[in-house]
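Student: start13.txt is the file, holding compact mmCIF, C-alpha atoms:
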```txt
# COMPACT_ATOMS: atom_id res chain seq x y z
CA MET A 648 9.58 -3.62 -20.29
CA ASN A 649 11.21 -0.70 -22.11
CA LEU A 650 12.31 1.82 -19.50
CA ASN A 651 14.05 4.01 -22.08
CA ARG A 652 10.76 5.64 -23.10
CA GLU A 653 9.62 8.95 -21.68
CA PRO A 654 7.06 8.68 -18.85
CA ALA A 655 4.39 10.46 -20.94
CA THR A 656 4.94 7.94 -23.74
CA ILE A 657 4.44 5.05 -21.33
CA ALA A 658 1.25 6.66 -19.94
CA ARG A 659 0.00 7.28 -23.50
CA SER A 660 0.54 3.60 -24.34
CA ALA A 661 -1.43 2.57 -21.25
CA ALA A 662 -4.27 4.93 -22.22
CA GLU A 663 -4.30 3.53 -25.76
CA GLU A 664 -4.53 -0.01 -24.45
CA ILE A 665 -7.47 0.91 -22.21
CA ARG A 666 -9.21 2.52 -25.20
CA ALA A 667 -8.59 -0.67 -27.19
CA LEU A 668 -10.05 -2.74 -24.35
CA ASN A 669 -13.09 -0.47 -24.24
CA HIS A 670 -13.67 -0.90 -27.96
CA ARG A 671 -13.01 -4.66 -27.87
CA THR A 672 -15.52 -5.23 -25.07
CA ILE A 673 -18.41 -3.21 -26.57
CA GLY A 674 -20.14 -6.27 -28.02
CA ARG A 675 -21.48 -9.32 -26.27
CA SER A 676 -18.93 -11.61 -27.97
CA ALA A 677 -15.82 -10.21 -26.29
CA PHE A 678 -15.50 -13.18 -23.89
CA GLU A 679 -16.17 -16.86 -24.38
CA GLU A 680 -15.80 -18.00 -20.77
CA PRO A 681 -16.12 -16.40 -17.31
CA SER A 682 -12.45 -17.20 -16.74
CA GLU A 683 -11.58 -14.70 -19.49
CA ILE A 684 -13.54 -12.04 -17.63
CA TYR A 685 -11.69 -12.94 -14.43
CA SER A 686 -8.33 -12.68 -16.20
CA THR A 687 -9.22 -9.32 -17.72
CA VAL A 688 -10.48 -7.84 -14.46
CA ASN A 689 -7.43 -9.22 -12.65
CA GLU A 690 -5.12 -7.44 -15.10
CA LEU A 691 -7.12 -4.23 -14.69
CA LYS A 692 -6.71 -4.64 -10.94
CA GLN A 693 -2.95 -4.88 -11.34
CA THR A 694 -2.99 -1.74 -13.47
CA VAL A 695 -5.06 0.20 -10.95
CA TRP A 696 -2.97 -1.01 -7.99
CA GLY A 697 0.16 0.32 -9.71
CA MET A 698 -1.21 3.78 -10.38
CA PRO A 699 -1.06 5.18 -6.80
CA GLN A 700 2.68 4.46 -6.71
CA ALA A 701 3.16 6.18 -10.06
CA ILE A 702 1.22 9.22 -8.86
CA GLU A 703 3.24 9.37 -5.63
CA GLN A 704 6.51 9.20 -7.56
CA ILE A 705 5.34 11.83 -10.06
CA TRP A 706 4.44 14.16 -7.17
CA GLY A 707 7.92 13.53 -5.73
CA GLU A 708 9.48 14.70 -9.00
CA LEU A 709 7.27 17.79 -9.07
CA ARG A 710 8.11 18.57 -5.43
CA THR A 711 11.82 18.28 -6.23
CA MET A 712 11.43 20.66 -9.18
CA ARG A 713 9.44 23.09 -7.02
CA ASP A 714 12.01 22.97 -4.22
CA ALA A 715 14.82 23.58 -6.74
CA ASP A 716 12.93 26.61 -8.06
CA ALA A 717 12.83 24.91 -11.47
CA ILE A 718 9.17 25.70 -12.24
CA ARG A 719 7.60 28.88 -13.56
CA MET A 720 3.93 29.54 -14.08
CA ASP A 721 3.00 30.92 -17.50
CA ASN A 722 -0.11 32.58 -16.05
CA GLY A 723 1.70 34.50 -13.30
CA THR A 724 0.28 32.50 -10.39
CA ASP A 725 2.39 31.46 -7.40
CA VAL A 726 4.31 28.24 -8.02
CA ASN A 727 4.04 27.06 -4.42
CA GLU A 728 0.27 27.58 -4.29
CA GLU A 729 -0.24 25.82 -7.62
CA ALA A 730 2.05 22.94 -6.63
CA GLU A 731 0.02 22.53 -3.45
CA LYS A 732 -3.20 22.42 -5.48
CA ALA A 733 -1.64 19.75 -7.68
CA ARG A 734 -0.50 17.80 -4.60
CA VAL A 735 -4.01 17.81 -3.13
CA GLU A 736 -5.61 16.62 -6.38
CA LEU A 737 -2.95 13.98 -7.01
CA ASN A 738 -3.39 12.71 -3.45
CA GLU A 739 -7.15 12.48 -3.94
CA ALA A 740 -6.64 10.55 -7.18
CA ARG A 741 -4.18 8.25 -5.42
CA GLN A 742 -6.68 7.52 -2.66
CA LEU A 743 -9.55 6.92 -5.09
CA LEU A 744 -7.40 4.55 -7.13
CA ALA A 745 -6.51 2.63 -3.98
CA GLN A 746 -10.26 2.28 -3.29
CA ALA A 747 -10.85 1.15 -6.88
CA GLY A 748 -8.05 -1.39 -6.55
CA ALA A 749 -9.62 -2.79 -3.40
CA ALA A 750 -13.02 -3.04 -5.14
CA LEU A 751 -11.44 -4.83 -8.12
CA ASP A 752 -9.69 -7.16 -5.68
CA ARG A 753 -13.05 -8.07 -4.15
CA ALA A 754 -14.54 -8.55 -7.63
CA THR A 755 -11.75 -10.90 -8.68
CA SER A 756 -12.28 -12.91 -5.50
CA THR A 757 -15.84 -13.55 -6.66
CA LEU A 758 -14.98 -14.00 -10.35
CA ALA A 759 -12.30 -16.57 -9.49
CA HIS A 760 -15.05 -19.06 -8.57
CA MET A 761 -16.96 -18.70 -11.85
CA GLY A 762 -16.63 -21.15 -14.71
CA GLY A 763 -18.46 -21.92 -17.92
CA GLN A 764 -21.10 -24.58 -18.31
CA TRP A 765 -19.83 -28.04 -19.23
```
Show me this structure written as structure tokens.

Tutor:
Amino acid sequence: MNLNREPATIARSAAEEIRALNHRTIGRSAFEEPSEIYSTVNELKQTVWGMPQAIEQIWGELRTMRDADAIRMDNGTDVNEEAEKARVELNEARQLLAQAGAALDRATSTLAHMGGQW
């Protein structure tokens, strides 16, 4: 884990990997066994479970910048109002991701019992 990279660079790498997964799984030959599907979904679950924490921490940084009067709006709108809008949307995303993580957790519970034919 390289923590010396900028946060946007790390997020970009994650997005690129998801795009690669999307392309790799287009065809019917992406997986040979159900266990490979389980492993893939389980890793996606771990990714999704980690995102609410990242969003919460990102909001914390933005709040600190707002409170330090370190933000200006290039369109002339009020920083506090815009930060509140961002907080509401980030919180909604955080909650939806938590729901997605729970759904993926339930899916992996089912997938864990699947195996290929002998």

Student: Which polymer residues, whether protein, DNA or RNA, lie within 12 Å of the coordinate (4.1, 10.8, -18.0) when you count only C-alpha atoms? List them as a count of residues only, using the chain letters and numbers from the file.

Tutor: 19

Student: Show which residues sit within 10 Å of segment 741-744 of chain A, as a list in words. Count all atoms listed in the file, and ignore same-chain residues fewer than 4 positions away.

Tutor: Lys692, Thr694, Val695, Trp696, Gly697, Met698, Pro699, Gln700, Ala701, Ile702, Glu703, Val735, Glu736, Leu737, Gly748, Ala749 and Ala750 of chain A

Student: Keeping only C-alpha atoms, write the selected residues to a file as an mmCIF file, in the frame of the given file.

Tutor:
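Now in again-v8.cif:
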```
data_model
loop_
_atom_site.group_PDB
_atom_site.id
_atom_site.type_symbol
_atom_site.label_atom_id
_atom_site.label_comp_id
_atom_site.auth_asym_id
_atom_site.auth_seq_id
_atom_site.Cartn_x
_atom_site.Cartn_y
_atom_site.Cartn_z
ATOM 1 C CA LYS A 692 -6.710 -4.640 -10.940
ATOM 2 C CA THR A 694 -2.990 -1.740 -13.470
ATOM 3 C CA VAL A 695 -5.060 0.200 -10.950
ATOM 4 C CA TRP A 696 -2.970 -1.010 -7.990
ATOM 5 C CA GLY A 697 0.160 0.320 -9.710
ATOM 6 C CA MET A 698 -1.210 3.780 -10.380
ATOM 7 C CA PRO A 699 -1.060 5.180 -6.800
ATOM 8 C CA GLN A 700 2.680 4.460 -6.710
ATOM 9 C CA ALA A 701 3.160 6.180 -10.060
ATOM 10 C CA ILE A 702 1.220 9.220 -8.860
ATOM 11 C CA GLU A 703 3.240 9.370 -5.630
ATOM 12 C CA VAL A 735 -4.010 17.810 -3.130
ATOM 13 C CA GLU A 736 -5.610 16.620 -6.380
ATOM 14 C CA LEU A 737 -2.950 13.980 -7.010
ATOM 15 C CA GLY A 748 -8.050 -1.390 -6.550
ATOM 16 C CA ALA A 749 -9.620 -2.790 -3.400
ATOM 17 C CA ALA A 750 -13.020 -3.040 -5.140
#
```

Student: Counting all atoms listed in the file, which residues have an atom no more than 12 Å from (-8.4, -6.3, -23.4) in the file's coordinates? Please list them as a PyMOL selection string.

Tutor: chain A and resi 661+663-673+677-678+683-691

Student: Excluding Ser682 of chain A and residues on its chain fewer than 5 positions from it, collect all residues at most 12 Å away from it, counting all atoms listed in the file, and give them as a list in words.

Tutor: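 Answer for this query is Thr687, Val688, Asn689, Thr755, Thr757, Leu758, Ala759, His760, Met761, Gly762, Gly763 and Gln764 of chain A.
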
Student: Do you know which residues are at most 12 Å from Glu729 of chain A counting all atoms listed in the file, after dropping those on the same chain fewer than 5 positions away, and could you put them as a count of residues only?

Tutor: 13

Student: Separation of atom CA of Ser676 of chain A and atom CA of Ser756 of chain A, in Å?

Tutor: 23.5 Å

Student: Calculated over all atoms listed in the file, which of the candidates A:Ala715, A:Met648, A:Glu679, A:Gln693 has the smallest distance to Leu751 of chain A?

Tutor: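 Checking each candidate against Leu751 of chain A, we get A:Gln693 as the closest.
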
Student: To box segment 669-684 of chain A, take all atoms listed in the file, fit an axis-aligned box, add 8 Å on each side, and give centre and edge lengths in Å to one decimal, as lines of an AutoDock Vina configuration file.

Tutor:
```
center_x = -16.5
center_y = -9.2
center_z = -22.4
size_x = 25.9
size_y = 33.5
size_z = 27.3
```

Student: Given the choices A:Glu680, A:Asp716, A:Arg675, A:Asn649, which gets closest to Trp765 of chain A if the distance is worked out from only C-alpha atoms?

Tutor: A:Glu680

Student: So how far away is atom CA of Met712 of chain A from atom CA of Ala733 of chain A, in Å?

Tutor: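 These two atoms are separated by 13.2 Å.
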
Student: At what distance in Å, to one decimal, does atom CA of Glu731 of chain A lie from atom CA of Thr711 of chain A?

Tutor: 12.8 Å

Student: Could you rebuild segment 733-746 of chain A with N, CA and C atoms and give me the result as a PDB file, keeping the file's coordinate frame?

Tutor:
```pdb
ATOM      1  N   ALA A 733      -1.923  20.994  -6.954  1.00  0.00           N
ATOM      2  CA  ALA A 733      -1.640  19.750  -7.680  1.00  0.00           C
ATOM      3  C   ALA A 733      -1.448  18.595  -6.704  1.00  0.00           C
ATOM      4  N   ARG A 734      -0.734  18.842  -5.600  1.00  0.00           N
ATOM      5  CA  ARG A 734      -0.500  17.800  -4.600  1.00  0.00           C
ATOM      6  C   ARG A 734      -1.813  17.290  -4.032  1.00  0.00           C
ATOM      7  N   VAL A 735      -2.719  18.206  -3.696  1.00  0.00           N
ATOM      8  CA  VAL A 735      -4.010  17.810  -3.130  1.00  0.00           C
ATOM      9  C   VAL A 735      -4.790  16.951  -4.115  1.00  0.00           C
ATOM     10  N   GLU A 736      -4.852  17.372  -5.364  1.00  0.00           N
ATOM     11  CA  GLU A 736      -5.610  16.620  -6.380  1.00  0.00           C
ATOM     12  C   GLU A 736      -4.967  15.278  -6.686  1.00  0.00           C
ATOM     13  N   LEU A 737      -3.639  15.252  -6.766  1.00  0.00           N
ATOM     14  CA  LEU A 737      -2.950  13.980  -7.010  1.00  0.00           C
ATOM     15  C   LEU A 737      -3.169  13.024  -5.838  1.00  0.00           C
ATOM     16  N   ASN A 738      -3.153  13.554  -4.622  1.00  0.00           N
ATOM     17  CA  ASN A 738      -3.390  12.710  -3.450  1.00  0.00           C
ATOM     18  C   ASN A 738      -4.806  12.149  -3.467  1.00  0.00           C
ATOM     19  N   GLU A 739      -5.783  12.972  -3.846  1.00  0.00           N
ATOM     20  CA  GLU A 739      -7.150  12.480  -3.940  1.00  0.00           C
ATOM     21  C   GLU A 739      -7.250  11.365  -4.991  1.00  0.00           C
ATOM     22  N   ALA A 740      -6.630  11.577  -6.134  1.00  0.00           N
ATOM     23  CA  ALA A 740      -6.640  10.550  -7.180  1.00  0.00           C
ATOM     24  C   ALA A 740      -5.986   9.270  -6.683  1.00  0.00           C
ATOM     25  N   ARG A 741      -4.888   9.414  -5.964  1.00  0.00           N
ATOM     26  CA  ARG A 741      -4.180   8.250  -5.420  1.00  0.00           C
ATOM     27  C   ARG A 741      -5.078   7.467  -4.468  1.00  0.00           C
ATOM     28  N   GLN A 742      -5.790   8.178  -3.618  1.00  0.00           N
ATOM     29  CA  GLN A 742      -6.680   7.520  -2.660  1.00  0.00           C
ATOM     30  C   GLN A 742      -7.859   6.837  -3.367  1.00  0.00           C
ATOM     31  N   LEU A 743      -8.431   7.510  -4.349  1.00  0.00           N
ATOM     32  CA  LEU A 743      -9.550   6.920  -5.090  1.00  0.00           C
ATOM     33  C   LEU A 743      -9.110   5.676  -5.863  1.00  0.00           C
ATOM     34  N   LEU A 744      -7.913   5.723  -6.421  1.00  0.00           N
ATOM     35  CA  LEU A 744      -7.400   4.550  -7.130  1.00  0.00           C
ATOM     36  C   LEU A 744      -7.161   3.389  -6.176  1.00  0.00           C
ATOM     37  N   ALA A 745      -6.698   3.684  -4.975  1.00  0.00           N
ATOM     38  CA  ALA A 745      -6.510   2.630  -3.980  1.00  0.00           C
ATOM     39  C   ALA A 745      -7.863   1.991  -3.639  1.00  0.00           C
ATOM     40  N   GLN A 746      -8.917   2.807  -3.536  1.00  0.00           N
ATOM     41  CA  GLN A 746     -10.260   2.280  -3.290  1.00  0.00           C
ATOM     42  C   GLN A 746     -10.732   1.428  -4.471  1.00  0.00           C
TER      43      GLN A 746
END
```
